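I have placed the structure first, in the form of structure tokens, so that the comments after it can refer back to it.
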Amino acid sequence: MKTITHHIPDALLAAYAAGTLPYAYEMVVAAHVSMCDACRADLAAHEAVGGAVLEDTASTAVSADLKSNLMDLLDMPFETRSAPTRKGIYPGPIAEALKGKAPRWRPLGGGVRQDILDAGPEGSARLLFIPPGMAVPDHSHNGLELTLVLQGSFSDDAGEFGVGDVEVADQEVDHIPTAGPDVPCICLAATDAPLKFNSWLPRLLQPVFRI
Amino acid sequence: MIAVRDNRDRAAFASLFDYFAPRLKGFIMRTGTGSGQAEEIVQEVMLTVWNKSDLFDPGRAQVSSWIYQIARNRQIDKIRKENRALPEELQMEEETEPDAGQVLGLQQEADRLKDAIRNLKPEQREMIEKAYLGELTHQEIKQQTGLPLGTIKSRIRLGLERLRHELKHIR
Ligand SMILES: [Zn+2]
């Protein structure tokens with residue numbers, strides 16, 4: 001397997017550890033960490049900082065019965081959320097967002113398809129399906145766009161991105177990702193604002209498709 | 001923590017509680033949560049520690065980092081509509097013995113990190129606290145760095161590589 005060369009920037013790993021990322025970015029970070037041991041280790045380093053801060057936090061006395069109640073609960077069944085598991089090409093956190101089902105692709109024009117996994121005021125996350133050699137319509141965006149490759153590859157001005165690679169594009173970038181020639185490229189794209197497409201057709205479609 | 005994980009040692013768990021519960025409560029309340037709800041979260045975090053102790057790997061994390069992460073998960077799942085997106089968990093085999101050298105090496109790096117934080121200038125230290133308490137956005141975190149994380153990162157990578165190697169061996 002090709003090694004991952006484009007990683008999650010350190011500030012995003014720190015923000016993930018601290019729990020301040022919107023869900024859409026969180027999904028990209030958690031999916032990349034599921035595929036990349038280097039970033040898994042770096043995230044753990046940020047959690048070590050979090051742990052150090054926690055240990056140095058001024059204590060607040062807990063109620064007298066908290067401990068005895070807790071000790072009584074140790075033998076009781078306790079519902080914990082399990083970490084998600086991978087399904088096919090979809091890393092755990094994406095498989096979880098898909099609720100274990102296959103994506104429900106909607107056409108975007110030019111053979112490009114999308115499935116919106118999450119859309120809210122904080123940001124949006126979508127899966128994109130790009131046929132071999134095809135390009136995603138030219139678009140710009142407010143804020144930051146993170147794109148994680150799950151199958152195949154794409155390239156644009158910033159370079160080539162294969163499975164596991166993350167492209168981090170800020171608002172200055174007007175990029176045209178083009179899928180590699182061999183297999184359809186499937187990727188997860190997350191933004192903290194709605195995408196704006198620059199060509200007239202997708203712009204007309206925007207209200208319909210919630211781009 | 002290892003006694004909790006391997007021997008289900010209640011006395012060891014009680015001392016973990018004594019050390020972490022008041023810190024956790026203070027930590028959670030600093031983010032604006034009321035005392036009652038903070039205790040509820042403390043209880044859930046500590047129950048998770050007890051019930052998920054098999055996931056704790058001292059070659060990759062300190063107890064405090066692991067508890068920090070659990071507390072973050074619980075808080076986000078509680079306040080937000082969407083559950084926090086979590087990475088896949090690495091499967092650990094029962095017979096995976098942690099490497100004593102690795103555990104010690106990580107311990108030393110973690111101690112060094114704690115010293116580094118304590119020796120920061122007050123305003124820098126406050127920024128670190130704010131960042132990891134979840135009071136800064138990622139854009140704000142980008143502006144400030146300065147913590148030497150390189151060596152602890154390499155140490156954790158070693159622990160991860162060792163685990164991967166062992167998993168390959170078992171399969
Ligand atoms: Zn990475």
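By convention here, the chains of the structure tokens are called A, B, ... in the order presented, each chain's residues are numbered starting at 1, and ligands are numbered starting at 1 in the order presented.
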
As a PyMOL selection string, please: every protein or nucleic acid residue near ligand 1 (cut-off 9 Å, counting only C-alpha atoms and all ligand atoms). chain A and resi 4-9+29+32-33+35-40+42+164-166

Distance query segment 158-164 of chain B at most 6 Å, only C-alpha atoms, self and fewer than 3 positions along chain excluded, as a ChimeraX atom specification: /B:59-60,155,167

Just to be explicit: take each residue in the selection above, keep N, CA, C and O atoms, and write the result as a PDB file, in the first residue's frame.
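Output saved as part.pdb:
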```pdb
ATOM      1  N   GLY B  59       1.980   1.587  27.119  1.00  0.00           N
ATOM      2  CA  GLY B  59       3.070   1.848  26.174  1.00  0.00           C
ATOM      3  C   GLY B  59       2.738   3.006  25.242  1.00  0.00           C
ATOM      4  O   GLY B  59       3.589   3.490  24.507  1.00  0.00           O
ATOM      5  N   ARG B  60       1.460   3.432  25.230  1.00  0.00           N
ATOM      6  CA  ARG B  60       1.062   4.499  24.311  1.00  0.00           C
ATOM      7  C   ARG B  60       0.462   5.699  25.024  1.00  0.00           C
ATOM      8  O   ARG B  60       0.338   6.772  24.437  1.00  0.00           O
ATOM      9  N   ARG B 155       8.297   8.932  20.965  1.00  0.00           N
ATOM     10  CA  ARG B 155       8.170   7.866  21.955  1.00  0.00           C
ATOM     11  C   ARG B 155       6.854   7.106  21.769  1.00  0.00           C
ATOM     12  O   ARG B 155       6.810   5.883  21.779  1.00  0.00           O
ATOM     13  N   LEU B 167       1.109  -7.471  16.881  1.00  0.00           N
ATOM     14  CA  LEU B 167      -0.163  -7.919  16.314  1.00  0.00           C
ATOM     15  C   LEU B 167       0.083  -8.764  15.073  1.00  0.00           C
ATOM     16  O   LEU B 167      -0.563  -9.782  14.853  1.00  0.00           O
TER      17      LEU B 167
END
```

Near Ala100 of chain B, counting only C-alpha atoms, which residues have an atom at most 10 Å away, once you skip same-chain residues fewer than 5 positions from it, shown as a list in words?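 Here the qualifying residues turn out to be Pro58, Gly59, Gly105 and Leu106 of chain B.
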
Output as CSV one row per residue of chain B within 6 Å of chain A: the closest atom pair and its distance in Å to one decimal place, counting only C-alpha atoms, sorted by chain and residue number ascending.
```
residue,atom,partner,partner_atom,distance
B:Pro22,CA,A:Ser59,CA,4.7
B:Arg23,CA,A:Ser59,CA,4.4
B:Lys25,CA,A:Thr60,CA,5.9
B:Gly26,CA,A:Thr60,CA,4.8
B:Ser64,CA,A:Gly51,CA,4.4
B:Ser65,CA,A:Gly51,CA,4.0
B:Tyr68,CA,A:Gly51,CA,5.3
B:Ala85,CA,A:Met27,CA,5.2
B:Leu86,CA,A:Ala30,CA,5.4
B:Pro87,CA,A:Ala30,CA,4.4
B:Glu88,CA,A:Ser34,CA,5.3
B:Glu89,CA,A:Ala83,CA,5.8
B:Lys114,CA,A:Ala52,CA,5.8
B:Tyr132,CA,A:Ala18,CA,4.8
B:Gly134,CA,A:Ala18,CA,4.9
B:His138,CA,A:Ala15,CA,5.2
B:Ile141,CA,A:Ala11,CA,5.8
B:Lys142,CA,A:Ala11,CA,5.2
B:Lys153,CA,A:Asp42,CA,5.4
B:Ile156,CA,A:Ala41,CA,5.5
B:Arg157,CA,A:Ala41,CA,5.3
```

Keeping C-alpha atoms for every residue in the selection just given, could you write it to a file as an mmCIF file, in the first residue's frame?
```
data_model
loop_
_atom_site.group_PDB
_atom_site.id
_atom_site.type_symbol
_atom_site.label_atom_id
_atom_site.label_comp_id
_atom_site.auth_asym_id
_atom_site.auth_seq_id
_atom_site.Cartn_x
_atom_site.Cartn_y
_atom_site.Cartn_z
ATOM 1 C CA PRO B 22 -11.727 16.182 42.137
ATOM 2 C CA ARG B 23 -9.411 17.209 39.272
ATOM 3 C CA LYS B 25 -14.694 17.928 38.439
ATOM 4 C CA GLY B 26 -12.606 21.106 38.539
ATOM 5 C CA SER B 64 -4.095 11.101 32.714
ATOM 6 C CA SER B 65 -4.092 11.336 28.881
ATOM 7 C CA TYR B 68 -8.600 13.296 29.516
ATOM 8 C CA ALA B 85 -16.393 11.183 15.632
ATOM 9 C CA LEU B 86 -13.944 8.663 17.086
ATOM 10 C CA PRO B 87 -11.022 6.878 15.433
ATOM 11 C CA GLU B 88 -11.032 3.102 15.169
ATOM 12 C CA GLU B 89 -9.573 1.383 18.206
ATOM 13 C CA LYS B 114 4.674 18.426 32.627
ATOM 14 C CA TYR B 132 -6.654 21.953 25.955
ATOM 15 C CA GLY B 134 -11.377 23.505 24.708
ATOM 16 C CA HIS B 138 -8.223 25.596 15.846
ATOM 17 C CA ILE B 141 -4.414 27.292 18.410
ATOM 18 C CA LYS B 142 -2.507 27.781 15.153
ATOM 19 C CA LYS B 153 5.579 12.032 19.700
ATOM 20 C CA ILE B 156 4.482 7.178 21.369
ATOM 21 C CA ARG B 157 5.231 6.202 17.769
#
```

Check the DSSP output for the backbone and give back, as a VMD selection string, the residues of segment 39-120 of chain B in alpha helix (DSSP H). chain B and resid 39 to 51 63 to 79 100 to 118

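The two atoms in question, atom CA of Ala135 of chain A and atom CA of Gly88 of chain A, are spaced 24.3 Å apart.
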